[in-house]
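Asks: Structure file upload15.cif, mmCIF, C-alpha atoms and all ligand atoms, is pasted below:
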```cif
data_final
#
loop_
_atom_site.label_atom_id
_atom_site.label_comp_id
_atom_site.auth_asym_id
_atom_site.auth_seq_id
_atom_site.Cartn_x
_atom_site.Cartn_y
_atom_site.Cartn_z
CA MET A 823 -58.39 -21.73 -139.86
CA ASP A 824 -61.49 -23.41 -141.34
CA SER A 825 -61.53 -26.42 -139.08
CA ASN A 826 -60.81 -24.25 -136.04
CA ALA A 827 -63.94 -23.02 -134.27
CA SER A 828 -62.16 -19.74 -133.45
CA CYS A 829 -62.75 -18.53 -137.03
CA PHE A 830 -66.35 -18.01 -135.88
CA ASP A 831 -65.21 -15.88 -132.91
CA LYS A 832 -63.77 -13.25 -135.25
CA GLU A 833 -65.70 -9.95 -135.03
CA ILE A 834 -65.92 -8.71 -138.61
CA ASP A 835 -66.95 -5.13 -139.34
CA ARG A 836 -69.82 -5.40 -141.84
CA THR A 837 -71.02 -1.82 -141.57
CA ASN A 838 -69.63 -0.69 -144.96
CA SER A 839 -70.19 -3.90 -146.88
CA ASN A 840 -73.67 -3.33 -148.42
CA SER A 841 -75.09 -5.63 -145.76
CA ASP A 842 -78.90 -5.49 -145.32
CA LYS A 843 -78.48 -6.80 -141.80
CA TRP A 844 -76.03 -4.09 -140.77
CA THR A 845 -77.67 -1.05 -142.39
CA LYS A 846 -81.23 -1.41 -141.15
CA TYR A 847 -80.55 -0.14 -137.62
CA PRO A 848 -78.41 2.62 -136.07
CA GLN A 849 -74.79 1.57 -135.45
CA ASP A 850 -75.23 1.11 -131.71
CA VAL A 851 -77.88 -1.60 -132.23
CA ILE A 852 -76.80 -5.25 -132.49
CA PRO A 853 -78.64 -6.56 -135.58
CA LEU A 854 -79.93 -10.09 -134.99
CA TRP A 855 -82.69 -10.16 -137.58
CA VAL A 856 -82.47 -11.27 -141.25
CA ALA A 857 -81.15 -14.81 -141.82
CA ASP A 858 -77.51 -14.37 -142.67
CA MET A 859 -74.57 -15.00 -140.37
CA ASP A 860 -71.73 -12.68 -139.35
CA PHE A 861 -69.15 -15.33 -140.29
CA GLU A 862 -66.73 -15.45 -143.20
CA SER A 863 -67.51 -18.15 -145.71
CA PRO A 864 -65.07 -21.08 -145.77
CA ASP A 865 -61.66 -20.73 -147.41
CA CYS A 866 -62.65 -23.16 -150.17
CA ILE A 867 -65.31 -20.69 -151.34
CA LYS A 868 -63.06 -17.65 -151.09
CA THR A 869 -60.29 -19.43 -153.02
CA ALA A 870 -62.65 -20.59 -155.78
CA LEU A 871 -64.14 -17.10 -156.11
CA ASN A 872 -60.72 -15.43 -156.13
CA GLU A 873 -59.49 -17.76 -158.85
CA ARG A 874 -62.53 -17.07 -160.99
CA ILE A 875 -62.27 -13.30 -160.44
CA GLU A 876 -58.59 -13.42 -161.41
CA HIS A 877 -59.64 -14.88 -164.77
CA GLY A 878 -61.17 -11.48 -165.42
CA VAL A 879 -63.79 -12.34 -168.07
CA PHE A 880 -67.35 -12.58 -166.79
CA GLY A 881 -69.59 -13.22 -169.79
CA TYR A 882 -72.84 -15.18 -170.04
CA THR A 883 -72.58 -18.41 -168.17
CA HIS A 884 -74.22 -21.71 -167.27
CA ALA A 885 -73.90 -24.32 -164.54
CA SER A 886 -71.03 -26.69 -165.19
CA ASN A 887 -71.40 -30.47 -165.34
CA GLU A 888 -69.03 -30.41 -162.38
CA LEU A 889 -71.52 -28.42 -160.25
CA GLU A 890 -74.36 -30.78 -161.18
CA ASN A 891 -72.25 -33.82 -160.31
CA THR A 892 -71.25 -32.15 -157.05
CA ILE A 893 -74.93 -31.62 -156.15
CA VAL A 894 -75.85 -35.21 -157.10
CA GLU A 895 -73.01 -36.54 -154.92
CA TYR A 896 -73.90 -34.20 -152.06
CA ALA A 897 -77.54 -35.36 -152.05
CA LYS A 898 -76.39 -39.00 -151.94
CA ARG A 899 -73.70 -38.43 -149.33
CA ARG A 900 -75.75 -36.31 -146.92
CA TYR A 901 -79.28 -37.69 -147.36
CA ASP A 902 -78.84 -40.99 -149.16
CA TRP A 903 -81.06 -39.31 -151.77
CA SER A 904 -80.58 -40.44 -155.37
CA ILE A 905 -81.16 -37.63 -157.85
CA SER A 906 -79.80 -37.01 -161.34
CA SER A 907 -78.31 -33.95 -163.05
CA ALA A 908 -81.31 -33.78 -165.37
CA GLN A 909 -83.63 -33.18 -162.40
CA ILE A 910 -81.78 -30.06 -161.23
CA VAL A 911 -83.11 -26.61 -162.16
CA HIS A 912 -80.68 -23.78 -161.41
CA LEU A 913 -82.14 -20.62 -159.90
CA PRO A 914 -80.94 -17.18 -158.80
CA GLY A 915 -82.69 -17.55 -155.43
CA LEU A 916 -85.19 -19.60 -153.57
CA VAL A 917 -87.90 -17.00 -152.94
CA CYS A 918 -88.48 -16.50 -156.67
CA ALA A 919 -88.93 -20.27 -156.95
CA LEU A 920 -91.69 -20.22 -154.31
CA HIS A 921 -93.53 -17.50 -156.25
CA LEU A 922 -92.91 -19.26 -159.54
CA ALA A 923 -94.13 -22.64 -158.31
CA VAL A 924 -97.39 -21.15 -157.02
CA ARG A 925 -98.01 -19.47 -160.38
CA ALA A 926 -96.89 -22.43 -162.49
CA PHE A 927 -98.95 -25.10 -160.75
CA SER A 928 -102.15 -23.37 -159.64
CA SER A 929 -104.73 -20.91 -160.97
CA GLU A 930 -106.32 -17.80 -159.50
CA GLY A 931 -108.79 -18.81 -156.80
CA ASP A 932 -107.05 -22.10 -156.00
CA THR A 933 -106.15 -22.74 -152.38
CA ILE A 934 -102.56 -23.24 -151.22
CA ILE A 935 -101.88 -24.82 -147.82
CA VAL A 936 -99.18 -23.15 -145.73
CA PRO A 937 -98.09 -23.97 -142.16
CA SER A 938 -98.17 -20.97 -139.83
CA PRO A 939 -96.24 -19.13 -138.47
CA ILE A 940 -93.94 -19.14 -141.48
CA TYR A 941 -91.15 -17.28 -143.25
CA PRO A 942 -93.18 -14.37 -144.75
CA ASN A 943 -92.40 -15.07 -148.41
CA PHE A 944 -94.53 -18.21 -148.29
CA ASN A 945 -97.62 -16.11 -147.64
CA LYS A 946 -96.57 -13.48 -150.16
CA ALA A 947 -96.06 -16.11 -152.87
CA VAL A 948 -99.69 -17.14 -152.45
CA LEU A 949 -101.30 -13.74 -151.97
CA HIS A 950 -99.38 -11.90 -154.71
CA ALA A 951 -100.64 -14.50 -157.17
CA ASN A 952 -104.28 -14.06 -156.04
CA ARG A 953 -104.49 -17.58 -154.66
CA GLU A 954 -106.34 -18.39 -151.44
CA LEU A 955 -104.15 -18.94 -148.41
CA SER A 956 -105.10 -21.80 -146.10
CA HIS A 957 -103.04 -21.60 -142.91
CA VAL A 958 -102.51 -24.67 -140.76
CA GLU A 959 -101.14 -23.85 -137.33
CA MET A 960 -97.94 -25.31 -135.93
CA GLN A 961 -98.52 -26.37 -132.32
CA ILE A 962 -96.28 -27.48 -129.47
CA GLU A 963 -96.36 -31.23 -128.84
CA ASP A 964 -93.82 -33.06 -126.66
CA GLY A 965 -91.51 -30.05 -126.75
CA ARG A 966 -91.52 -29.62 -130.56
CA TRP A 967 -93.41 -27.45 -132.99
CA VAL A 968 -95.46 -29.81 -135.15
CA LEU A 969 -98.25 -29.43 -137.68
CA ASP A 970 -101.79 -29.70 -136.38
CA MET A 971 -102.52 -32.80 -138.46
CA GLN A 972 -106.28 -32.71 -137.92
CA ALA A 973 -106.49 -29.17 -139.26
CA PHE A 974 -104.06 -30.17 -142.00
CA GLU A 975 -106.30 -32.99 -143.19
CA ILE A 976 -109.34 -30.68 -143.21
CA ALA A 977 -107.36 -28.17 -145.31
CA CYS A 978 -106.15 -30.87 -147.72
CA ALA A 979 -109.71 -32.15 -148.21
CA GLN A 980 -111.08 -28.80 -149.43
CA PRO A 981 -112.08 -29.06 -153.10
CA ASN A 982 -110.04 -26.01 -154.16
CA SER A 983 -106.83 -27.10 -152.43
CA LYS A 984 -104.06 -27.60 -155.01
CA MET A 985 -100.73 -27.39 -153.30
CA ILE A 986 -98.84 -27.64 -150.00
CA LEU A 987 -95.91 -25.35 -149.26
CA LEU A 988 -93.70 -27.15 -146.77
CA CYS A 989 -90.71 -25.70 -144.93
CA ASN A 990 -88.35 -28.41 -143.67
CA PRO A 991 -86.65 -27.65 -141.33
CA HIS A 992 -89.35 -25.20 -140.40
CA ASN A 993 -88.60 -21.48 -140.17
CA PRO A 994 -89.40 -20.24 -137.59
CA GLY A 995 -89.27 -22.82 -134.80
CA GLY A 996 -86.65 -25.15 -136.25
CA THR A 997 -88.74 -28.33 -136.57
CA VAL A 998 -86.91 -31.13 -138.36
CA TYR A 999 -89.77 -33.27 -139.63
CA THR A 1000 -89.30 -36.96 -138.89
CA ARG A 1001 -89.75 -39.56 -141.60
CA ALA A 1002 -93.03 -40.62 -139.95
CA GLU A 1003 -94.32 -37.04 -139.98
CA LEU A 1004 -93.35 -36.64 -143.63
CA GLU A 1005 -95.06 -39.93 -144.48
CA ALA A 1006 -98.24 -38.70 -142.79
CA ILE A 1007 -98.09 -35.45 -144.79
CA HIS A 1008 -97.43 -37.44 -147.94
CA GLN A 1009 -100.42 -39.74 -147.38
CA LEU A 1010 -102.72 -36.74 -147.39
CA ALA A 1011 -100.98 -35.14 -150.37
CA GLN A 1012 -101.53 -38.38 -152.27
CA ARG A 1013 -105.10 -38.92 -151.10
CA TYR A 1014 -106.17 -35.43 -152.17
CA ASP A 1015 -103.77 -35.24 -155.13
CA LEU A 1016 -101.86 -32.17 -153.99
CA LEU A 1017 -98.54 -30.95 -155.30
CA VAL A 1018 -95.85 -30.35 -152.66
CA VAL A 1019 -93.27 -27.60 -152.78
CA SER A 1020 -90.69 -28.37 -150.12
CA ASP A 1021 -88.36 -25.53 -149.14
CA GLU A 1022 -85.35 -27.27 -147.58
CA ILE A 1023 -82.97 -24.30 -147.48
CA HIS A 1024 -82.20 -24.88 -143.76
CA CYS A 1025 -81.55 -28.64 -144.13
CA ASP A 1026 -77.82 -28.41 -143.39
CA LEU A 1027 -78.36 -26.44 -140.19
CA ILE A 1028 -79.56 -29.25 -137.94
CA LEU A 1029 -78.23 -28.81 -134.40
CA ASP A 1030 -79.43 -32.09 -132.88
CA ASP A 1031 -78.56 -35.64 -133.79
CA VAL A 1032 -81.54 -36.09 -136.09
CA PRO A 1033 -81.43 -36.66 -139.86
CA HIS A 1034 -82.84 -34.42 -142.56
CA VAL A 1035 -85.18 -36.43 -144.78
CA PRO A 1036 -85.96 -34.74 -148.12
CA PHE A 1037 -89.73 -34.90 -148.55
CA ALA A 1038 -89.26 -36.11 -152.14
CA SER A 1039 -87.23 -39.09 -150.89
CA VAL A 1040 -90.02 -40.52 -148.73
CA ASN A 1041 -91.40 -42.78 -151.48
CA GLU A 1042 -91.92 -42.91 -155.24
CA ASP A 1043 -95.20 -41.04 -155.23
CA ALA A 1044 -93.64 -38.23 -153.17
CA THR A 1045 -90.74 -38.11 -155.63
CA ASN A 1046 -93.20 -37.52 -158.46
CA ARG A 1047 -95.35 -34.83 -156.84
CA THR A 1048 -92.62 -32.71 -155.23
CA ILE A 1049 -90.61 -29.65 -156.14
CA THR A 1050 -87.66 -29.56 -153.71
CA LEU A 1051 -85.92 -26.23 -153.20
CA MET A 1052 -82.40 -26.05 -151.77
CA ALA A 1053 -79.47 -23.63 -151.67
CA PRO A 1054 -75.99 -23.23 -150.18
CA SER A 1055 -76.85 -19.69 -149.08
CA LYS A 1056 -77.89 -20.21 -145.43
CA THR A 1057 -75.31 -22.86 -144.50
CA PHE A 1058 -72.30 -21.33 -146.22
CA ASN A 1059 -73.38 -17.70 -145.75
CA VAL A 1060 -73.46 -16.78 -149.44
CA ALA A 1061 -76.99 -15.30 -149.69
CA GLY A 1062 -75.61 -12.23 -151.49
CA LEU A 1063 -74.27 -14.39 -154.33
CA GLY A 1064 -77.74 -15.45 -155.49
CA TYR A 1065 -77.87 -19.17 -156.16
CA ALA A 1066 -80.44 -21.86 -155.36
CA PHE A 1067 -81.68 -24.96 -157.13
CA ALA A 1068 -84.80 -27.03 -157.50
CA VAL A 1069 -84.89 -30.80 -157.81
CA ILE A 1070 -87.89 -31.91 -159.87
CA ALA A 1071 -87.91 -35.61 -160.72
CA ASN A 1072 -91.23 -35.60 -162.58
CA PRO A 1073 -90.45 -34.54 -166.21
CA ALA A 1074 -93.93 -33.02 -166.75
CA LEU A 1075 -93.68 -30.88 -163.61
CA ARG A 1076 -90.13 -29.90 -164.55
CA ALA A 1077 -91.22 -28.80 -168.01
CA THR A 1078 -94.09 -26.72 -166.60
CA PHE A 1079 -91.75 -25.09 -164.07
CA ASN A 1080 -89.11 -24.36 -166.73
CA ASN A 1081 -91.74 -22.87 -169.07
CA ALA A 1082 -93.00 -20.59 -166.31
CA LYS A 1083 -89.44 -19.53 -165.60
CA ALA A 1084 -88.35 -18.89 -169.19
CA GLY A 1085 -87.56 -15.27 -169.93
CA LEU A 1086 -88.67 -14.08 -166.52
CA VAL A 1087 -86.18 -15.56 -164.10
CA PRO A 1088 -82.55 -14.73 -164.89
CA TYR A 1089 -79.83 -17.34 -164.90
CA PRO A 1090 -77.87 -17.53 -161.63
CA ASN A 1091 -74.87 -15.29 -161.14
CA LEU A 1092 -71.55 -16.83 -162.18
CA LEU A 1093 -70.05 -16.32 -158.72
CA GLY A 1094 -73.04 -18.01 -157.09
CA LEU A 1095 -72.42 -21.11 -159.24
CA ILE A 1096 -68.71 -21.12 -158.36
CA ALA A 1097 -69.43 -20.74 -154.64
CA ALA A 1098 -72.04 -23.53 -154.70
CA ASN A 1099 -69.61 -25.97 -156.28
CA ALA A 1100 -66.93 -25.20 -153.68
CA ALA A 1101 -69.42 -25.29 -150.78
CA PHE A 1102 -71.06 -28.62 -151.59
CA GLY A 1103 -67.81 -30.21 -152.81
CA GLU A 1104 -65.23 -29.04 -150.27
CA GLY A 1105 -67.03 -27.32 -147.40
CA GLN A 1106 -67.60 -30.35 -145.13
CA ASP A 1107 -64.95 -29.63 -142.44
CA TRP A 1108 -65.96 -25.98 -142.11
CA HIS A 1109 -69.61 -27.04 -142.03
CA GLU A 1110 -68.98 -29.45 -139.13
CA SER A 1111 -67.20 -26.68 -137.17
CA LEU A 1112 -70.04 -24.26 -137.94
CA LEU A 1113 -72.63 -26.68 -136.55
CA SER A 1114 -70.65 -27.12 -133.29
CA TYR A 1115 -70.40 -23.36 -132.93
CA LEU A 1116 -74.08 -22.74 -133.63
CA LYS A 1117 -75.05 -25.54 -131.25
CA GLU A 1118 -73.09 -23.81 -128.46
CA ASN A 1119 -74.80 -20.46 -129.24
CA ARG A 1120 -78.18 -22.23 -129.21
CA ASN A 1121 -77.28 -23.78 -125.84
CA ILE A 1122 -76.28 -20.37 -124.44
CA ILE A 1123 -79.76 -19.10 -125.31
CA GLU A 1124 -81.47 -22.19 -123.90
CA ARG A 1125 -79.52 -21.85 -120.63
CA TRP A 1126 -80.29 -18.12 -120.38
CA LEU A 1127 -84.04 -18.05 -121.13
CA PRO A 1128 -85.26 -19.92 -117.99
CA SER A 1129 -83.87 -17.06 -115.86
CA THR A 1130 -86.26 -14.66 -117.66
CA PRO A 1131 -90.01 -14.57 -118.39
CA LEU A 1132 -89.16 -15.45 -122.04
CA LYS A 1133 -89.69 -19.00 -123.29
CA MET A 1134 -88.52 -21.13 -126.18
CA VAL A 1135 -89.30 -24.64 -127.34
CA HIS A 1136 -86.03 -26.54 -127.87
CA LEU A 1137 -84.62 -25.53 -131.27
CA GLU A 1138 -83.66 -28.56 -133.38
CA ALA A 1139 -82.37 -26.62 -136.39
CA THR A 1140 -81.52 -23.20 -137.87
CA TYR A 1141 -79.69 -20.32 -136.17
CA LEU A 1142 -83.00 -18.54 -135.62
CA ALA A 1143 -84.30 -18.69 -132.05
CA TRP A 1144 -88.11 -18.43 -131.93
CA ILE A 1145 -88.83 -16.87 -128.55
CA ASP A 1146 -92.18 -16.42 -126.80
CA VAL A 1147 -92.27 -12.90 -125.30
CA SER A 1148 -96.00 -12.91 -124.42
CA ALA A 1149 -95.28 -12.75 -120.67
CA LEU A 1150 -93.96 -9.21 -121.14
CA GLN A 1151 -97.35 -8.01 -122.45
CA LEU A 1152 -95.72 -5.38 -124.65
CA ASN A 1153 -97.50 -2.89 -126.87
CA SER A 1154 -94.64 -2.89 -129.34
CA VAL A 1155 -92.43 -5.95 -129.14
CA HIS A 1156 -90.02 -4.72 -131.78
CA GLN A 1157 -89.57 -1.32 -130.10
CA PHE A 1158 -88.88 -2.88 -126.70
CA PHE A 1159 -85.92 -4.83 -128.08
CA LEU A 1160 -84.76 -1.90 -130.20
CA ASP A 1161 -84.74 0.32 -127.11
CA ALA A 1162 -82.67 -2.39 -125.45
CA GLY A 1163 -80.17 -2.09 -128.34
CA VAL A 1164 -81.02 -5.34 -130.14
CA GLY A 1165 -82.62 -5.51 -133.60
CA ILE A 1166 -84.73 -8.66 -133.79
CA SER A 1167 -87.31 -9.93 -136.30
CA ASP A 1168 -90.85 -9.26 -135.13
CA GLY A 1169 -92.92 -12.42 -134.79
CA LYS A 1170 -95.96 -10.68 -136.26
CA ASP A 1171 -94.27 -10.73 -139.68
CA PHE A 1172 -94.26 -14.54 -139.44
CA GLY A 1173 -97.80 -14.77 -138.09
CA ASN A 1174 -97.44 -14.63 -134.30
CA PRO A 1175 -97.10 -11.23 -132.57
CA ASN A 1176 -96.22 -12.90 -129.24
CA TYR A 1177 -92.85 -14.03 -130.57
CA ILE A 1178 -89.52 -12.65 -131.70
CA ARG A 1179 -87.01 -14.35 -133.98
CA LEU A 1180 -83.43 -13.83 -132.87
CA ASN A 1181 -80.54 -14.70 -135.20
CA PHE A 1182 -77.65 -16.22 -133.26
CA GLY A 1183 -75.41 -16.78 -136.29
CA CYS A 1184 -72.79 -14.44 -134.86
CA PRO A 1185 -69.68 -14.55 -132.64
CA LYS A 1186 -70.45 -15.73 -129.13
CA SER A 1187 -69.22 -12.41 -127.69
CA ARG A 1188 -71.86 -10.53 -129.73
CA LEU A 1189 -74.61 -12.90 -128.66
CA GLU A 1190 -73.56 -12.51 -125.02
CA ASP A 1191 -73.60 -8.71 -125.42
CA ALA A 1192 -77.14 -8.90 -126.84
CA ILE A 1193 -78.26 -11.13 -123.96
CA LYS A 1194 -76.80 -8.65 -121.47
CA ARG A 1195 -78.64 -5.77 -123.17
CA ILE A 1196 -81.93 -7.69 -123.07
CA ASN A 1197 -81.37 -8.61 -119.41
CA ASP A 1198 -80.67 -4.94 -118.59
CA ALA A 1199 -83.93 -3.90 -120.30
CA LEU A 1200 -85.87 -6.64 -118.46
CA LYS A 1201 -84.44 -5.40 -115.15
CA LYS A 1202 -85.16 -1.76 -115.99
CA HIS A 1203 -88.81 -2.61 -116.63
CA ASN A 1204 -89.05 -4.84 -113.55
CA TYR A 1205 -89.41 -8.14 -115.40
CA LEU A 1206 -86.36 -9.57 -113.65
C1 LIG B 1301 -87.38 -20.82 -145.49
C2 LIG B 1301 -86.63 -19.83 -146.33
N1 LIG B 1301 -86.75 -19.88 -147.67
C3 LIG B 1301 -86.08 -19.01 -148.47
C4 LIG B 1301 -85.25 -18.03 -147.94
C5 LIG B 1301 -84.52 -17.07 -148.82
O1 LIG B 1301 -84.05 -17.66 -149.97
P1 LIG B 1301 -83.29 -16.82 -151.09
O2 LIG B 1301 -82.42 -15.82 -150.39
O3 LIG B 1301 -82.52 -17.84 -151.86
O4 LIG B 1301 -84.33 -16.17 -151.94
C6 LIG B 1301 -85.11 -17.95 -146.54
C7 LIG B 1301 -84.27 -16.89 -145.95
O5 LIG B 1301 -84.25 -16.66 -144.77
C8 LIG B 1301 -85.80 -18.88 -145.73
O6 LIG B 1301 -85.70 -18.85 -144.39
#
```
Rewrite the coordinates I just gave you, this time as structure tokens.

Replies:
Amino acid sequence: MDSNASCFDKEIDRTNSNSDKWTKYPQDVIPLWVADMDFESPDCIKTALNERIEHGVFGYTHASNELENTIVEYAKRRYDWSISSAQIVHLPGLVCALHLAVRAFSSEGDTIIVPSPIYPNFNKAVLHANRELSHVEMQIEDGRWVLDMQAFEIACAQPNSKMILLCNPHNPGGTVYTRAELEAIHQLAQRYDLLVVSDEIHCDLILDDVPHVPFASVNEDATNRTITLMAPSKTFNVAGLGYAFAVIANPALRATFNNAKAGLVPYPNLLGLIAANAAFGEGQDWHESLLSYLKENRNIIERWLPSTPLKMVHLEATYLAWIDVSALQLNSVHQFFLDAGVGISDGKDFGNPNYIRLNFGCPKSRLEDAIKRINDALKKHNYL
């Protein structure tokens, strides 16, 4: 079943499964908002979890050497990135690590540089800690969202700037930074002595034939000034199991991060650890099938949009389409799509009210239904 794309066609009823995605809206709305997928996780994860549950004793726990070795091998296999077990910090989620890193490595009043628009927790991590937020806009260049490097350099050069929060691949917009782009970012980080926190949670969701380059792997200096954050949760659809990890090669940074974490951040859930080991160790075939399926859903959207006033820059990665709806000149973007029967994420929450983010990590039939509903609404309001 795993290696067969049809496992992604299965329509699974999630309405009574404590799903955030499926309880936010009335039942007749297709929820295409928060970033989880409507797919079952691979059999290797379900089997590993079932075996552990059958054991029946669920006391205090820790990450096994096996999981750490699995992560080390995965980083080498997928990214040719050499890390060691000692550099891994286990976490119950990635968002808490963003907040923690801001608090651990900067002081009140310091400035943190964040690309915009961005997944909202980046901004919250800065603002909740009373740090200054310095936004650098993403702009469209040669059909890709890229950082405005001139504005980025100006931001880096400010005397209070302490840290860059990078999102690679970028959410929203799906930019997979090239090695050259990462090197340019690194040069400025080095010149102005800035720490880099690189959220790479979407790195295994690349839909084009382009490689993911971990920022920390760009060169030795980058290795020593970077906190890399990764997780199996987006790729293997296990966000509810609560597991992520940081890779921190620099022992001083790792110690500071671990001190900030001690007593405040709980150890990851046992089942999250089990799922991560199965995902990174045995999930490759399912992962390949997932990427083909998502690519086809992405292509369906890219073929559909030109027949409407809506626009999208080609999406290199993620299952989150970032769609320009400015041509509709709506008073309430979110309400328009809700009235159409589709629950999307409002672009204003990411920093651009002219956009929506639409999650296509669902069976093709559901995506096609959503597209039909949106088309019907566009016709009804004379946009088509
Ligand atoms: C860029 C990014 N970071 C972090 C997260 C969430 O991480 P976690 O659920 O591990 O806290 C998301 C979820 O959509 C995300 O898009």

Asks: Determine, counting all atoms listed in the file, which protein, DNA and RNA residues have an atom within 7 Å of an atom of segment 866-882 of chain A; residues of the same chain fewer than 2 positions away are not included. Present the result as a list in words.

Replies: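 After dropping sequence-adjacent residues, the list is Ser863, Pro864, Leu1093, Ile1096, Ala1097, Ala1100, Ala1101, Glu1104 and Gly1105 of chain A.
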
Asks: I'd like the interatomic distance between atom CA of Arg1047 of chain A and atom CA of Leu1016 of chain A, to a tenth of an Å.

Replies: 7.6 Å

Asks: To check your reading of the model: which residues sit at most 10 Å from ligand LIG 1301 (chain B) when counting all atoms listed in the file? Write the answer as a ChimeraX atom specification.

Replies: /A:855-858,913-920,940-944,988-994,1020-1025,1051-1056,1060-1067,1140,1142

Asks: List every residue of segment 968-1036 of chain A that has an atom at most 10 Å from any atom of segment 1125-1135 of chain A, and for each one report the closest atom pair and its distance in Å to one decimal, counting all atoms listed in the file, with rows sorted by chain and then by increasing residue number, as a tab-separated table.

Replies:
```
residue	atom	partner	partner_atom	distance
A:Gly995	CA	A:Val1135	CA	7.7
A:Gly996	CA	A:Val1135	CA	9.3
A:Thr997	CA	A:Val1135	CA	10.0
```

Asks: Just to be explicit: take each residue in the selection above, keep C-alpha atoms, and write the result as a short mmCIF file (atom, residue, chain, number, x, y, z; two decimals), keeping the file's coordinate frame.

Replies:
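Written out: result31.cif:
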```cif
data_model
loop_
_atom_site.label_atom_id
_atom_site.label_comp_id
_atom_site.auth_asym_id
_atom_site.auth_seq_id
_atom_site.Cartn_x
_atom_site.Cartn_y
_atom_site.Cartn_z
CA GLY A 995 -89.27 -22.82 -134.80
CA GLY A 996 -86.65 -25.15 -136.25
CA THR A 997 -88.74 -28.33 -136.57
#
```

Asks: I'd like the interatomic distance between atom CA of Pro981 of chain A and atom CA of Thr1050 of chain A, to a tenth of an Å.

Replies: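 Value for the atom CA of Pro981 of chain A-atom CA of Thr1050 of chain A distance: 24.4 Å.
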
Asks: So, with only C-alpha atoms as the atoms that count, which of A:Asn838, A:Ser983, A:Ser1111, A:Asn1041 lies closest to Ala1002 of chain A?

Replies: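 Of the candidates, the smallest distance to Ala1002 of chain A is held by A:Asn1041.
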
Asks: Please measure the separation of atom CA of Ser841 of chain A and atom CA of Gly1085 of chain A, giving the value in Å to one decimal.

Replies: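 Rounded to one decimal, the two atoms are 28.9 Å apart.
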
Asks: Determine, counting all atoms listed in the file, every residue of protein, DNA or RNA that lies within 10 Å of (-100.4, -23.2, -139.2) in the file coordinates, then give the result as a list in words.

Replies: Ile935, Val936, Pro937, Ser938, Pro939, Ile940, Ser956, His957, Val958, Glu959, Met960, Gln961, Val968, Leu969, Asp970, Met971, Ala973, Phe974 and Gly1173 of chain A

Asks: Find the residues around Lys946 of chain A up to 12 Å (all atoms listed in the file counted), leave out those fewer than 6 positions away in its own chain, and share them as a ChimeraX atom specification.

Replies: /A:917-918,920-922,924-925,934,936,940,952-955,987,1171-1172

Asks: Taking into account only C-alpha atoms, which residue in the set A:Val894, A:Ala1006, A:Ile905, A:Leu1095 is nearest to Ile1070 of chain A?

Replies: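 Going through A:Val894, A:Ala1006, A:Ile905, A:Leu1095 one by one, the smallest distance to Ile1070 of chain A is for A:Ile905.
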
Asks: Give me, as JSON, numbers by chain, all polymer residues having an atom no more than 12 Å from Ser828 of chain A, counting only C-alpha atoms and skipping those fewer than 6 positions away in the same chain.

Replies: {"A": [861, 862, 1108, 1111, 1112, 1114, 1115, 1184, 1185, 1186, 1187]}

Asks: Give me the residues near Asp1031 of chain A as a list in words, where near means some atom within 12 Å (using only C-alpha atoms) and where sequence neighbours in that chain fewer than 4 positions away do not count.

Replies: Val998, Thr1000, Leu1027, Leu1113, Ser1114, Lys1117, Glu1138 and Ala1139 of chain A

Asks: Selection from above, C-alpha atoms, as a compact mmCIF listing (two decimals), in the coordinates of the input, can you write it?

Replies:
```txt
# COMPACT_ATOMS: atom_id res chain seq x y z
CA VAL A 998 -86.91 -31.13 -138.36
CA THR A 1000 -89.30 -36.96 -138.89
CA LEU A 1027 -78.36 -26.44 -140.19
CA LEU A 1113 -72.63 -26.68 -136.55
CA SER A 1114 -70.65 -27.12 -133.29
CA LYS A 1117 -75.05 -25.54 -131.25
CA GLU A 1138 -83.66 -28.56 -133.38
CA ALA A 1139 -82.37 -26.62 -136.39
```

Asks: Take the structure in the block and write a file for segment 1068-1080 of chain A, C-alpha atoms, as a short mmCIF file (atom, residue, chain, number, x, y, z; two decimals), in the first residue's frame.

Replies:
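The resulting file, part.cif, is reproduced below:
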```cif
data_model
loop_
_atom_site.label_atom_id
_atom_site.label_comp_id
_atom_site.auth_asym_id
_atom_site.auth_seq_id
_atom_site.Cartn_x
_atom_site.Cartn_y
_atom_site.Cartn_z
CA ALA A 1068 17.83 20.88 16.82
CA VAL A 1069 21.31 20.34 15.45
CA ILE A 1070 23.81 22.62 17.20
CA ALA A 1071 27.43 21.91 16.32
CA ASN A 1072 28.94 24.70 18.42
CA PRO A 1073 29.28 23.33 22.00
CA ALA A 1074 28.95 26.79 23.62
CA LEU A 1075 25.73 27.55 21.73
CA ARG A 1076 24.43 24.07 22.53
CA ALA A 1077 25.10 24.54 26.23
CA THR A 1078 23.35 27.92 26.26
CA PHE A 1079 20.35 26.45 24.43
CA ASN A 1080 20.18 23.44 26.76
#
```
